[in-house]
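Trainee: For reference, this is upload02.csv, and it has CSV, C-alpha atoms and all ligand atoms.
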```
chain,number,residue,atom,x,y,z
A,1,MET,CA,-47.5,-73.8,-82.0
A,2,PRO,CA,-48.0,-77.6,-81.8
A,3,GLU,CA,-50.9,-78.3,-79.5
A,4,ILE,CA,-51.2,-81.1,-77.0
A,5,PRO,CA,-54.9,-82.1,-76.4
A,6,LYS,CA,-56.3,-81.1,-73.1
A,7,GLU,CA,-57.4,-84.6,-72.1
A,8,ARG,CA,-53.8,-85.7,-72.5
A,9,LEU,CA,-52.5,-82.9,-70.4
A,10,GLU,CA,-55.1,-83.5,-67.7
A,11,LYS,CA,-53.7,-87.0,-67.2
A,12,TYR,CA,-50.6,-85.4,-65.6
A,13,LEU,CA,-52.6,-83.8,-62.9
A,14,ASN,CA,-53.2,-85.5,-59.6
A,15,LEU,CA,-51.0,-88.5,-60.3
A,16,GLN,CA,-51.3,-91.1,-57.6
A,17,ARG,CA,-48.9,-93.7,-56.3
A,18,GLU,CA,-50.5,-97.1,-56.2
A,19,PHE,CA,-48.1,-98.9,-53.9
A,20,LYS,CA,-48.1,-96.4,-51.1
A,21,GLU,CA,-46.3,-97.5,-47.9
A,22,GLU,CA,-49.5,-97.1,-45.8
A,23,ARG,CA,-51.4,-99.4,-48.2
A,24,TYR,CA,-49.1,-102.2,-49.2
A,25,ILE,CA,-46.2,-104.2,-47.9
A,26,ASN,CA,-43.6,-103.5,-50.6
A,27,LEU,CA,-40.8,-106.0,-50.7
A,28,ASN,CA,-39.1,-104.4,-53.7
A,29,PRO,CA,-35.3,-104.6,-52.9
A,30,ILE,CA,-34.5,-101.2,-54.2
A,31,GLN,CA,-37.3,-99.4,-52.4
A,32,ARG,CA,-37.1,-100.4,-48.7
A,33,GLY,CA,-34.2,-98.1,-47.6
A,34,GLY,CA,-35.6,-95.2,-49.5
A,35,VAL,CA,-38.9,-94.8,-47.7
A,36,LEU,CA,-39.0,-91.2,-46.5
A,37,THR,CA,-39.3,-90.2,-42.9
A,38,ASP,CA,-42.1,-87.8,-42.0
A,39,ALA,CA,-39.5,-85.0,-41.7
A,40,ALA,CA,-38.2,-85.7,-45.2
A,41,ARG,CA,-41.7,-85.8,-46.6
A,42,GLU,CA,-42.4,-82.3,-45.2
A,43,ALA,CA,-39.0,-81.0,-46.2
A,44,LEU,CA,-39.6,-82.1,-49.7
A,45,LEU,CA,-42.7,-80.0,-50.0
A,46,GLU,CA,-41.0,-77.0,-48.3
A,47,PHE,CA,-38.1,-77.1,-50.7
A,48,GLY,CA,-39.9,-78.4,-53.8
A,49,ASP,CA,-39.4,-75.3,-55.8
A,50,GLY,CA,-36.7,-75.3,-58.4
A,51,TYR,CA,-33.4,-73.9,-57.1
A,52,SER,CA,-34.9,-73.6,-53.6
A,53,THR,CA,-31.6,-74.2,-51.8
A,54,CYS,CA,-30.0,-71.2,-53.5
A,55,ASP,CA,-31.5,-68.3,-51.6
A,56,TRP,CA,-28.4,-67.8,-49.6
A,57,CYS,CA,-25.7,-68.9,-52.1
A,58,PRO,CA,-22.6,-67.0,-51.2
A,59,PRO,CA,-21.6,-64.8,-54.1
A,60,LYS,CA,-17.8,-65.3,-53.6
A,61,THR,CA,-18.0,-69.1,-53.3
A,62,PRO,CA,-21.1,-70.0,-55.2
A,63,ARG,CA,-21.1,-73.7,-54.3
A,64,LEU,CA,-23.6,-76.0,-52.6
A,65,ASP,CA,-21.1,-77.0,-49.9
A,66,ALA,CA,-20.6,-73.3,-49.0
A,67,ILE,CA,-24.3,-72.7,-48.3
A,68,LYS,CA,-25.0,-72.1,-44.6
A,69,ARG,CA,-28.8,-71.4,-44.8
A,70,PRO,CA,-30.1,-74.2,-45.0
A,71,PRO,CA,-27.0,-75.8,-43.4
A,72,ILE,CA,-25.8,-77.7,-46.4
A,73,GLY,CA,-22.1,-77.2,-45.8
A,74,GLN,CA,-22.4,-78.5,-42.2
A,75,PHE,CA,-24.4,-81.4,-43.4
A,76,MET,CA,-21.7,-82.5,-45.9
A,77,GLN,CA,-19.2,-82.4,-43.0
A,78,ASP,CA,-21.4,-84.4,-40.8
A,79,LEU,CA,-22.0,-86.9,-43.6
A,80,ALA,CA,-18.2,-87.4,-44.1
A,81,GLU,CA,-17.8,-87.8,-40.3
A,82,PHE,CA,-20.6,-90.3,-40.1
A,83,LEU,CA,-19.0,-92.4,-42.8
A,84,GLY,CA,-15.5,-92.2,-41.4
A,85,MET,CA,-14.3,-90.2,-44.4
A,86,ASP,CA,-12.7,-86.8,-44.7
A,87,VAL,CA,-15.0,-85.0,-47.2
A,88,ALA,CA,-18.4,-85.7,-48.6
A,89,ARG,CA,-20.4,-84.3,-51.5
A,90,VAL,CA,-24.0,-85.0,-52.4
A,91,VAL,CA,-24.4,-85.9,-56.1
A,92,THR,CA,-27.3,-87.0,-58.1
A,93,ARG,CA,-26.9,-90.8,-57.8
A,94,CYS,CA,-24.5,-93.5,-56.7
A,95,ARG,CA,-23.7,-94.1,-60.4
A,96,GLU,CA,-22.7,-90.5,-60.9
A,97,ALA,CA,-20.4,-90.8,-57.9
A,98,GLN,CA,-18.8,-93.8,-59.5
A,99,PHE,CA,-18.4,-92.0,-62.8
A,100,ILE,CA,-16.9,-88.9,-61.2
A,101,ALA,CA,-14.3,-91.1,-59.4
A,102,PHE,CA,-13.5,-93.1,-62.5
A,103,ALA,CA,-13.3,-90.1,-64.8
A,104,THR,CA,-11.0,-88.1,-62.5
A,105,LEU,CA,-8.7,-91.0,-61.5
A,106,GLY,CA,-8.3,-92.7,-64.8
A,107,GLU,CA,-6.9,-91.9,-68.2
A,108,PRO,CA,-8.8,-93.4,-71.3
A,109,GLY,CA,-7.8,-97.0,-71.8
A,110,ASP,CA,-6.9,-97.6,-68.1
A,111,TYR,CA,-8.5,-100.4,-66.2
A,112,VAL,CA,-10.7,-100.6,-63.2
A,113,VAL,CA,-10.9,-103.9,-61.3
A,114,VAL,CA,-14.4,-104.6,-60.2
A,115,ASP,CA,-16.1,-107.6,-58.5
A,116,GLY,CA,-18.1,-110.0,-60.6
A,117,LEU,CA,-21.3,-109.0,-58.9
A,118,ALA,CA,-20.9,-105.3,-59.5
A,119,HIS,CA,-24.0,-103.2,-60.5
A,120,TYR,CA,-24.5,-102.4,-64.1
A,121,SER,CA,-23.9,-98.8,-63.3
A,122,ALA,CA,-20.3,-99.5,-62.5
A,123,TYR,CA,-19.8,-100.8,-66.0
A,124,VAL,CA,-21.4,-97.9,-67.8
A,125,ALA,CA,-19.7,-95.4,-65.5
A,126,ALA,CA,-16.4,-97.0,-66.6
A,127,GLU,CA,-17.5,-97.0,-70.2
A,128,LEU,CA,-18.3,-93.3,-70.1
A,129,ALA,CA,-15.0,-92.6,-68.4
A,130,ARG,CA,-13.4,-94.5,-71.3
A,131,LEU,CA,-12.0,-97.2,-69.0
A,132,LYS,CA,-11.9,-101.0,-69.3
A,133,VAL,CA,-13.0,-103.4,-66.6
A,134,LYS,CA,-11.3,-106.4,-65.2
A,135,GLU,CA,-13.5,-108.6,-63.1
A,136,VAL,CA,-12.9,-110.6,-59.9
A,137,PRO,CA,-14.8,-113.9,-60.2
A,138,HIS,CA,-17.3,-115.4,-57.8
A,139,SER,CA,-17.9,-119.0,-56.9
A,140,GLY,CA,-21.3,-119.4,-58.8
A,141,HIS,CA,-24.4,-121.2,-57.6
A,142,PRO,CA,-25.5,-121.4,-54.8
A,143,GLU,CA,-23.2,-119.1,-52.8
A,144,PHE,CA,-22.0,-116.7,-55.4
A,145,LYS,CA,-19.1,-115.9,-53.0
A,146,LEU,CA,-16.4,-113.5,-54.3
A,147,ASP,CA,-12.8,-114.5,-54.0
A,148,LEU,CA,-11.5,-111.3,-52.4
A,149,ASP,CA,-7.9,-112.4,-52.4
A,150,ALA,CA,-8.1,-112.5,-56.2
A,151,TYR,CA,-8.1,-108.7,-56.3
A,152,ALA,CA,-4.3,-108.9,-55.9
A,153,GLU,CA,-4.1,-111.3,-58.9
A,154,LYS,CA,-6.3,-109.0,-61.0
A,155,ILE,CA,-4.2,-106.0,-60.1
A,156,GLU,CA,-1.1,-107.9,-61.1
A,157,GLU,CA,-2.8,-109.0,-64.3
A,158,VAL,CA,-3.5,-105.4,-65.3
A,159,LYS,CA,0.0,-104.5,-64.5
A,160,ARG,CA,1.4,-107.3,-66.7
A,161,GLU,CA,-0.9,-106.5,-69.6
A,162,THR,CA,-0.6,-102.7,-69.6
A,163,GLY,CA,2.6,-101.9,-67.7
A,164,LYS,CA,0.4,-99.8,-65.4
A,165,LEU,CA,-1.6,-100.2,-62.3
A,166,PRO,CA,-5.4,-100.0,-62.6
A,167,ALA,CA,-6.9,-96.5,-62.1
A,168,ALA,CA,-9.0,-97.8,-59.3
A,169,VAL,CA,-10.4,-100.9,-57.6
A,170,LEU,CA,-14.2,-101.2,-57.0
A,171,LEU,CA,-15.8,-103.5,-54.5
A,172,THR,CA,-19.6,-103.8,-54.1
A,173,HIS,CA,-20.0,-103.9,-50.4
A,174,VAL,CA,-23.4,-105.7,-50.7
A,175,ASP,CA,-24.4,-106.9,-54.1
A,176,TYR,CA,-27.8,-106.4,-55.6
A,177,HIS,CA,-28.2,-110.0,-56.8
A,178,TYR,CA,-27.7,-112.0,-53.7
A,179,GLY,CA,-27.2,-109.5,-50.9
A,180,ASN,CA,-23.8,-111.0,-50.0
A,181,LEU,CA,-21.8,-108.8,-47.6
A,182,ASN,CA,-18.1,-108.6,-48.4
A,183,ASP,CA,-15.3,-108.0,-45.9
A,184,ALA,CA,-14.2,-104.7,-47.5
A,185,ALA,CA,-11.1,-104.5,-45.2
A,186,VAL,CA,-9.5,-107.4,-47.1
A,187,VAL,CA,-9.7,-105.4,-50.4
A,188,GLY,CA,-8.7,-102.2,-48.6
A,189,LYS,CA,-5.5,-103.9,-47.5
A,190,ILE,CA,-4.7,-105.2,-51.0
A,191,CYS,CA,-5.3,-101.7,-52.5
A,192,LYS,CA,-3.1,-100.1,-49.9
A,193,LYS,CA,-0.3,-102.5,-50.7
A,194,TYR,CA,-0.4,-101.6,-54.4
A,195,GLY,CA,-1.2,-97.9,-53.9
A,196,VAL,CA,-4.4,-98.2,-56.0
A,197,PRO,CA,-7.4,-96.1,-54.9
A,198,PHE,CA,-10.1,-98.3,-53.4
A,199,LEU,CA,-13.7,-97.4,-54.2
A,200,LEU,CA,-16.3,-99.0,-52.0
A,201,ASN,CA,-19.8,-99.1,-53.4
A,202,SER,CA,-22.0,-99.0,-50.4
A,203,ALA,CA,-25.3,-98.4,-52.2
A,204,TYR,CA,-26.9,-101.1,-50.2
A,205,THR,CA,-25.0,-100.6,-46.9
A,206,ALA,CA,-24.3,-97.0,-45.9
A,207,GLY,CA,-27.4,-95.5,-44.5
A,208,VAL,CA,-28.8,-98.8,-43.3
A,209,MET,CA,-25.9,-100.4,-41.5
A,210,PRO,CA,-22.9,-98.8,-39.7
A,211,ILE,CA,-20.0,-98.1,-42.0
A,212,ASP,CA,-16.5,-96.8,-41.1
A,213,GLY,CA,-14.7,-96.0,-44.3
A,214,LYS,CA,-11.4,-95.6,-42.4
A,215,LYS,CA,-11.6,-99.0,-40.8
A,216,LEU,CA,-12.4,-100.6,-44.2
A,217,GLY,CA,-9.6,-98.8,-45.9
A,218,ALA,CA,-11.8,-97.1,-48.4
A,219,ASP,CA,-10.4,-94.2,-50.3
A,220,ILE,CA,-13.7,-93.4,-51.9
A,221,LEU,CA,-17.1,-94.4,-50.6
A,222,VAL,CA,-20.2,-94.0,-52.8
A,223,SER,CA,-23.8,-94.5,-51.8
A,224,SER,CA,-27.3,-93.9,-53.0
A,225,GLY,CA,-29.6,-91.6,-51.1
A,226,HIS,CA,-32.8,-92.9,-52.7
A,227,LYS,CA,-31.8,-96.5,-52.0
A,228,SER,CA,-30.5,-96.4,-48.5
A,229,TRP,CA,-30.8,-93.0,-46.8
A,230,ALA,CA,-34.6,-92.4,-46.7
A,231,ALA,CA,-34.2,-89.7,-49.3
A,232,SER,CA,-35.9,-88.8,-52.6
A,233,ALA,CA,-34.3,-89.5,-56.0
A,234,PRO,CA,-32.0,-88.3,-57.2
A,235,THR,CA,-29.4,-88.3,-54.4
A,236,GLY,CA,-26.0,-89.9,-54.2
A,237,ILE,CA,-23.1,-89.7,-51.9
A,238,LEU,CA,-19.5,-89.3,-52.9
A,239,ALA,CA,-17.1,-89.4,-49.8
A,240,LEU,CA,-13.4,-89.2,-50.0
A,241,LYS,CA,-10.2,-89.5,-48.0
A,242,GLU,CA,-8.1,-86.3,-47.8
A,243,GLU,CA,-5.5,-87.6,-50.2
A,244,LEU,CA,-7.9,-87.8,-53.1
A,245,ILE,CA,-9.6,-84.4,-52.8
A,246,ASP,CA,-7.2,-82.6,-55.1
A,247,ARG,CA,-7.8,-85.2,-57.9
A,248,VAL,CA,-11.5,-86.0,-57.5
A,249,LEU,CA,-12.8,-82.5,-56.5
A,250,ALA,CA,-10.3,-80.5,-58.5
A,251,ARG,CA,-11.3,-76.9,-59.2
A,252,SER,CA,-12.0,-75.8,-62.7
A,253,LYS,CA,-9.0,-74.3,-64.7
A,254,ILE,CA,-10.7,-73.7,-68.0
A,255,VAL,CA,-10.6,-70.1,-69.4
A,256,GLY,CA,-12.9,-68.7,-72.1
A,257,ASP,CA,-10.5,-67.9,-75.0
A,258,TRP,CA,-12.5,-64.7,-75.9
A,259,SER,CA,-14.4,-63.8,-72.7
A,260,LYS,CA,-11.5,-64.9,-70.4
A,261,HIS,CA,-14.4,-66.3,-68.3
A,262,GLU,CA,-13.0,-68.4,-65.4
A,263,VAL,CA,-15.0,-70.6,-62.9
A,264,GLY,CA,-12.1,-71.5,-60.6
A,265,VAL,CA,-14.3,-72.0,-57.6
A,266,LYS,CA,-16.3,-74.8,-59.2
A,267,GLU,CA,-15.4,-78.5,-58.7
A,268,TYR,CA,-15.5,-79.3,-62.4
A,269,ALA,CA,-16.3,-83.1,-62.2
A,270,LEU,CA,-19.4,-82.1,-60.3
A,271,LEU,CA,-20.2,-79.7,-63.1
A,272,GLY,CA,-20.3,-77.0,-60.4
A,273,CYS,CA,-23.5,-77.8,-58.5
A,274,THR,CA,-25.4,-81.1,-58.2
A,275,VAL,CA,-28.7,-81.5,-56.2
A,276,MET,CA,-30.0,-78.0,-55.5
A,277,GLY,CA,-33.5,-78.6,-54.2
A,278,GLY,CA,-36.0,-81.0,-52.6
A,279,PRO,CA,-34.1,-84.3,-52.8
A,280,LEU,CA,-31.0,-82.9,-51.1
A,281,ILE,CA,-33.2,-81.4,-48.3
A,282,SER,CA,-35.0,-84.8,-47.9
A,283,LEU,CA,-31.6,-86.5,-47.4
A,284,MET,CA,-30.7,-83.9,-44.8
A,285,ALA,CA,-34.1,-84.2,-43.0
A,286,SER,CA,-33.7,-88.0,-42.8
A,287,PHE,CA,-30.1,-87.8,-41.6
A,288,PRO,CA,-30.9,-87.8,-37.8
A,289,HIS,CA,-33.1,-90.8,-38.3
A,290,VAL,CA,-30.4,-92.6,-40.4
A,291,VAL,CA,-27.8,-91.9,-37.8
A,292,ASP,CA,-30.0,-93.7,-35.3
A,293,ARG,CA,-31.3,-96.5,-37.5
A,294,VAL,CA,-27.9,-98.0,-38.4
A,295,GLU,CA,-27.6,-98.9,-34.8
A,296,HIS,CA,-30.6,-101.3,-35.2
A,297,TRP,CA,-29.1,-103.1,-38.2
A,298,GLY,CA,-28.9,-106.4,-36.2
A,299,GLU,CA,-32.7,-106.4,-35.7
A,300,GLU,CA,-33.2,-105.9,-39.4
A,301,VAL,CA,-31.0,-108.9,-40.2
A,302,GLU,CA,-32.9,-111.0,-37.6
A,303,LYS,CA,-36.2,-110.3,-39.4
A,304,ALA,CA,-34.7,-111.3,-42.8
A,305,ARG,CA,-33.4,-114.5,-41.3
A,306,TYR,CA,-36.8,-115.2,-39.8
A,307,LEU,CA,-38.5,-114.8,-43.2
A,308,ILE,CA,-36.0,-117.1,-44.9
A,309,GLU,CA,-36.5,-119.8,-42.2
A,310,GLN,CA,-40.2,-119.7,-42.9
A,311,LEU,CA,-39.8,-119.6,-46.7
A,312,GLU,CA,-37.5,-122.6,-46.6
A,313,ARG,CA,-40.3,-124.6,-45.0
A,314,ILE,CA,-41.9,-124.6,-48.5
A,315,GLU,CA,-41.0,-127.6,-50.6
A,316,GLY,CA,-38.0,-127.0,-52.9
A,317,THR,CA,-37.3,-123.5,-51.6
A,318,ARG,CA,-34.0,-122.1,-50.5
A,319,GLN,CA,-32.1,-118.9,-50.1
A,320,LEU,CA,-29.2,-118.3,-52.5
A,321,GLY,CA,-26.0,-116.5,-51.5
A,322,ILE,CA,-24.0,-116.8,-48.4
A,323,LYS,CA,-25.6,-118.3,-45.3
A,324,PRO,CA,-26.6,-117.1,-42.7
A,325,LYS,CA,-27.7,-113.8,-44.2
A,326,GLN,CA,-25.8,-110.7,-43.2
A,327,HIS,CA,-28.2,-108.4,-45.1
A,328,THR,CA,-31.9,-107.9,-45.7
A,329,LEU,CA,-31.8,-108.3,-49.5
A,330,THR,CA,-32.6,-111.9,-50.2
A,331,HIS,CA,-32.5,-114.0,-53.3
A,332,VAL,CA,-35.0,-116.9,-53.2
A,333,GLU,CA,-34.8,-120.0,-55.4
A,334,SER,CA,-38.0,-122.0,-55.4
A,335,GLU,CA,-38.4,-125.2,-57.5
A,336,GLY,CA,-41.6,-125.7,-55.6
A,337,LEU,CA,-43.3,-122.4,-56.5
A,338,TYR,CA,-42.0,-122.9,-60.1
A,339,LYS,CA,-43.6,-126.4,-60.2
A,340,ALA,CA,-46.9,-124.9,-59.0
A,341,SER,CA,-46.7,-122.2,-61.7
A,342,GLN,CA,-46.4,-124.8,-64.5
A,343,ALA,CA,-49.8,-126.2,-63.4
A,344,HIS,CA,-51.5,-122.9,-62.8
A,345,LYS,CA,-53.6,-121.1,-65.5
A,346,ARG,CA,-51.9,-117.8,-64.6
A,347,ARG,CA,-48.5,-119.5,-64.9
A,348,GLY,CA,-45.7,-117.6,-63.3
A,349,PHE,CA,-48.0,-114.6,-62.5
A,350,PHE,CA,-49.9,-116.5,-59.9
A,351,LEU,CA,-47.5,-115.7,-57.2
A,352,TYR,CA,-47.7,-112.0,-57.9
A,353,ASP,CA,-51.5,-112.1,-58.0
A,354,GLU,CA,-51.8,-114.1,-54.8
A,355,LEU,CA,-49.4,-111.8,-52.9
A,356,LYS,CA,-51.1,-108.7,-54.2
A,357,ARG,CA,-54.4,-110.0,-53.1
A,358,ARG,CA,-53.0,-110.1,-49.6
A,359,GLY,CA,-51.6,-106.6,-49.8
A,360,ILE,CA,-48.0,-107.6,-50.6
A,361,VAL,CA,-46.1,-106.2,-53.6
A,362,GLY,CA,-42.6,-105.7,-54.9
A,363,ILE,CA,-41.7,-109.2,-56.1
A,364,GLN,CA,-41.4,-109.0,-59.9
A,365,ALA,CA,-44.5,-110.2,-61.7
A,366,GLY,CA,-44.1,-113.5,-63.5
A,367,LEU,CA,-41.2,-114.8,-61.4
A,368,THR,CA,-41.4,-117.9,-59.2
A,369,LYS,CA,-38.2,-119.8,-59.6
A,370,HIS,CA,-35.9,-117.0,-58.7
A,371,PHE,CA,-37.0,-113.8,-57.1
A,372,LYS,CA,-35.6,-111.2,-54.7
A,373,LEU,CA,-37.1,-109.4,-51.8
A,374,ASN,CA,-36.0,-107.0,-49.0
A,375,THR,CA,-37.6,-106.8,-45.6
A,376,TYR,CA,-35.6,-103.7,-44.5
A,377,GLY,CA,-37.7,-101.4,-42.3
A,378,LEU,CA,-40.7,-103.6,-42.1
A,379,THR,CA,-42.1,-104.3,-38.6
A,380,LYS,CA,-41.9,-107.9,-37.3
A,381,ALA,CA,-45.7,-108.1,-37.6
A,382,LYS,CA,-45.5,-107.2,-41.3
A,383,VAL,CA,-42.7,-109.7,-41.9
A,384,GLU,CA,-44.8,-112.4,-40.2
A,385,GLN,CA,-47.7,-111.4,-42.4
A,386,VAL,CA,-45.4,-111.9,-45.5
A,387,ALA,CA,-44.3,-115.3,-44.2
A,388,LYS,CA,-47.9,-116.4,-43.5
A,389,ALA,CA,-49.0,-115.3,-47.0
A,390,PHE,CA,-46.2,-117.3,-48.7
A,391,LEU,CA,-47.0,-120.4,-46.7
A,392,GLU,CA,-50.7,-120.1,-47.4
A,393,ILE,CA,-50.1,-119.7,-51.1
A,394,ALA,CA,-47.8,-122.6,-51.3
A,395,LYS,CA,-50.2,-124.8,-49.3
A,396,ASP,CA,-53.1,-123.8,-51.6
A,397,GLN,CA,-51.0,-125.0,-54.5
A,398,GLY,CA,-50.5,-128.4,-52.9
A,399,LEU,CA,-46.9,-127.9,-52.0
A,400,THR,CA,-45.5,-129.6,-48.9
A,401,ILE,CA,-44.7,-127.4,-45.9
A,402,LYS,CA,-42.1,-128.7,-43.5
B,501,LIG,C1,-28.7,-99.5,-56.6
B,501,LIG,C2,-27.3,-99.6,-56.9
B,501,LIG,C3,-26.6,-98.6,-57.6
B,501,LIG,C4,-27.4,-97.4,-58.3
B,501,LIG,O1,-27.7,-96.4,-57.4
B,501,LIG,P1,-28.2,-95.0,-58.0
B,501,LIG,O2,-28.1,-94.1,-56.8
B,501,LIG,O3,-29.6,-95.2,-58.5
B,501,LIG,O4,-27.2,-94.6,-59.1
B,501,LIG,C5,-25.3,-98.6,-57.8
B,501,LIG,N1,-24.6,-99.6,-57.3
B,501,LIG,C6,-25.1,-100.6,-56.6
B,501,LIG,C7,-24.2,-101.6,-56.0
B,501,LIG,C8,-26.5,-100.6,-56.4
B,501,LIG,O5,-27.0,-101.6,-55.6
```
Could you rewrite the structure in this file as structure tokens?
Ligand SMILES: *Cc1c(COP(=O)(O)O)cnc(C)c1O

Mentor:
Amino acid sequence: MPEIPKERLEKYLNLQREFKEERYINLNPIQRGGVLTDAAREALLEFGDGYSTCDWCPPKTPRLDAIKRPPIGQFMQDLAEFLGMDVARVVTRCREAQFIAFATLGEPGDYVVVDGLAHYSAYVAAELARLKVKEVPHSGHPEFKLDLDAYAEKIEEVKRETGKLPAAVLLTHVDYHYGNLNDAAVVGKICKKYGVPFLLNSAYTAGVMPIDGKKLGADILVSSGHKSWAASAPTGILALKEELIDRVLARSKIVGDWSKHEVGVKEYALLGCTVMGGPLISLMASFPHVVDRVEHWGEEVEKARYLIEQLERIEGTRQLGIKPKQHTLTHVESEGLYKASQAHKRRGFFLYDELKRRGIVGIQAGLTKHFKLNTYGLTKAKVEQVAKAFLEIAKDQGLTIK
């Protein structure tokens, strides 16, 4: 048997997280909404063993959504209700939810219309589902505003080119580059007019701000538990309107040619079951908190705006994307900090070093001219600490502060 040296194996024991929430202010955009609640942290330990949710899997309907102990089935119903949708399933990731929707709604060669700021996962999900993408453009620097009315033109374009409507339309509710919030109802109306399924990617919105899928006209709503629902990875949400259940959550029809084995109770695009342990339970344990926290979204946006106001006091520094901010994910452009980096012996890394020295992490090391941050879930005192750190660092570098 091949042998792995003991010293190498021992390295895997007692792994420690450097950037613990108690120790650092972490501004990493993808991490703010996924910080666990205490309840989720405990639940994760309790249900950490392998297939820990499967103790009471019903033998006649062996499916996650049919499990009553722990109340997984009830949770999925509550989740759908919370999002203003009819049915919800927990899948491994937002990207998987996108893939499931694309694969079940499209035929190879079909188009999906996506926004020009869509996450890379929308592209690879389309690719794996053998679909093509048609993009709706944005305005470019500095607002990067999407032209939502252009969805109609793009649907028409697909129809002209292929003689067929697109398999689906995707809108990124809030994009990960600039944190621009889109009026999803506009796209919802266009999709309704054409009869094309509307997939709203709410990876950065559902779980942190109030979302009503019905009001927005979403046929499919996807989200990310580890990004925005105070849950462990991997967890994703796939929520549907009634009309699409038969297509997206179709039951398996395959039959073994020799064994005659059938698995007709399984939803085949989900490959039967998805998240069957700790991460799912962490999502459930944080749910009461999430239901409450979306009501405080306004305060979160206020804190983000405060930080931007302070950062923009630094010479040559401004927020990109639409103003005023409607979301806590912020893209900063700083000619000033960039200029400072050119004169610094650590070059672009000085900003990272200086922030880390002050207990602040999450801004990508090496960046000064363009960087992203997210203040979601930080107390006002911590946001003030971040603002103070930036102003101090800029001043030390001889930049003018307004
Ligand atoms: C973060 C993000 C994703 C990826 O989420 P996963 O749950 O990790 O798959 C997908 N789409 C958008 C818009 C995102 O911001």

Trainee: Which protein, DNA or RNA residues have an atom within 6 Å of ligand LIG 501 (chain B), counting all atoms listed in the file, as a PyMOL selection string?

Mentor: chain A and resi 93-95+119+121+172+175-176+201+203-204+224+236

Trainee: Got time to write the residues from that selection, C-alpha atoms, as a PDB file, in the frame of the given file?

Mentor:
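The file below, out.pdb, is the result:
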```
ATOM      1  CA  ARG A  93     -26.900 -90.800 -57.800  1.00  0.00           C
ATOM      2  CA  CYS A  94     -24.500 -93.500 -56.700  1.00  0.00           C
ATOM      3  CA  ARG A  95     -23.700 -94.100 -60.400  1.00  0.00           C
ATOM      4  CA  HIS A 119     -24.000-103.200 -60.500  1.00  0.00           C
ATOM      5  CA  SER A 121     -23.900 -98.800 -63.300  1.00  0.00           C
ATOM      6  CA  THR A 172     -19.600-103.800 -54.100  1.00  0.00           C
ATOM      7  CA  ASP A 175     -24.400-106.900 -54.100  1.00  0.00           C
ATOM      8  CA  TYR A 176     -27.800-106.400 -55.600  1.00  0.00           C
ATOM      9  CA  ASN A 201     -19.800 -99.100 -53.400  1.00  0.00           C
ATOM     10  CA  ALA A 203     -25.300 -98.400 -52.200  1.00  0.00           C
ATOM     11  CA  TYR A 204     -26.900-101.100 -50.200  1.00  0.00           C
ATOM     12  CA  SER A 224     -27.300 -93.900 -53.000  1.00  0.00           C
ATOM     13  CA  GLY A 236     -26.000 -89.900 -54.200  1.00  0.00           C
TER      14      GLY A 236
END
```

Trainee: Could you tell me how far atom CA of Arg313 of chain A lies from atom CA of Gln326 of chain A, in Å and to one decimal?

Mentor: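 Atom CA of Arg313 of chain A sits 20.2 Å away from atom CA of Gln326 of chain A.
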
Trainee: Rank A:Phe390, A:Tyr151, A:Phe82, A:Phe371 by their smallest atom-to-atom distance to Lys189 of chain A, using all atoms listed in the file, and report the top residue only.

Mentor: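 Smallest separation from Lys189 of chain A among the options: A:Tyr151.
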
Trainee: Set the distance at 12 Å and use all atoms listed in the file: which residues neighbour Thr235 of chain A once local chain neighbours fewer than 4 positions away are removed? I'd like the list as JSON, numbers by chain.

Mentor: {"A": [34, 89, 90, 91, 92, 93, 94, 95, 96, 97, 203, 222, 223, 224, 225, 226, 227, 228, 229, 230, 231, 274, 275, 276, 277, 278, 279, 280, 281, 282, 283, 284]}

Trainee: Name the closest residue to Val133 of chain A among the candidates A:Ala66, A:Leu15, A:Val169, A:Ile401; distances are taken between atoms, counting all atoms listed in the file.

Mentor: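 That would be A:Val169, the residue with the smallest distance to Val133 of chain A.
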
Trainee: Measure the distance from atom CA of Ala269 of chain A to atom CA of Ala118 of chain A in Å and round it to one decimal.

Mentor: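 Pair atom CA of Ala269 of chain A / atom CA of Ala118 of chain A returns 22.8 Å.
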
Trainee: Which one of A:Val113, A:Val361, A:Leu79, A:Val124 sits closest to Asp65 of chain A if you count all atoms listed in the file?

Mentor: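 Under the stated criterion, the closest residue is A:Leu79.
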
Trainee: Taking (-3.9, -105.6, -60.6) in the file's coordinates, which residues come within 9 Å, counting all atoms listed in the file, written as a list in words?

Mentor: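 Here the neighbourhood of the point contains Tyr111, Val112, Val113, Lys134, Tyr151, Ala152, Glu153, Lys154, Ile155, Glu156, Glu157, Val158, Lys159, Arg160, Lys164, Leu165, Pro166, Val169, Tyr194 and Val196 of chain A.
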
Trainee: Give me, as a PDB file with C-alpha atoms, in the frame of the given file, all polymer residues having an atom no more than 8 Å from Ile254 of chain A, counting all atoms listed in the file and skipping those fewer than 6 positions away in the same chain.

Mentor:
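See out-v6.pdb below for the written result:
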```pdb
ATOM      1  CA  GLU A 262     -13.000 -68.400 -65.400  1.00  0.00           C
ATOM      2  CA  VAL A 263     -15.000 -70.600 -62.900  1.00  0.00           C
ATOM      3  CA  GLY A 264     -12.100 -71.500 -60.600  1.00  0.00           C
TER       4      GLY A 264
END
```

Trainee: Tell me, as a PyMOL selection string, which residues lie within 12 Å of Ala80 of chain A, counting all atoms listed in the file; anything in the same chain fewer than 4 positions away does not count.

Mentor: chain A and resi 73-76+84-90+206+211-214+220-223+237-242

Trainee: Any idea what's packed within 10 Å of Leu399 of chain A, counting only C-alpha atoms, ignoring anything in its chain fewer than 3 positions away? Could you give it as a PyMOL selection string?

Mentor: chain A and resi 314-316+336-337+339-340+391-396+402
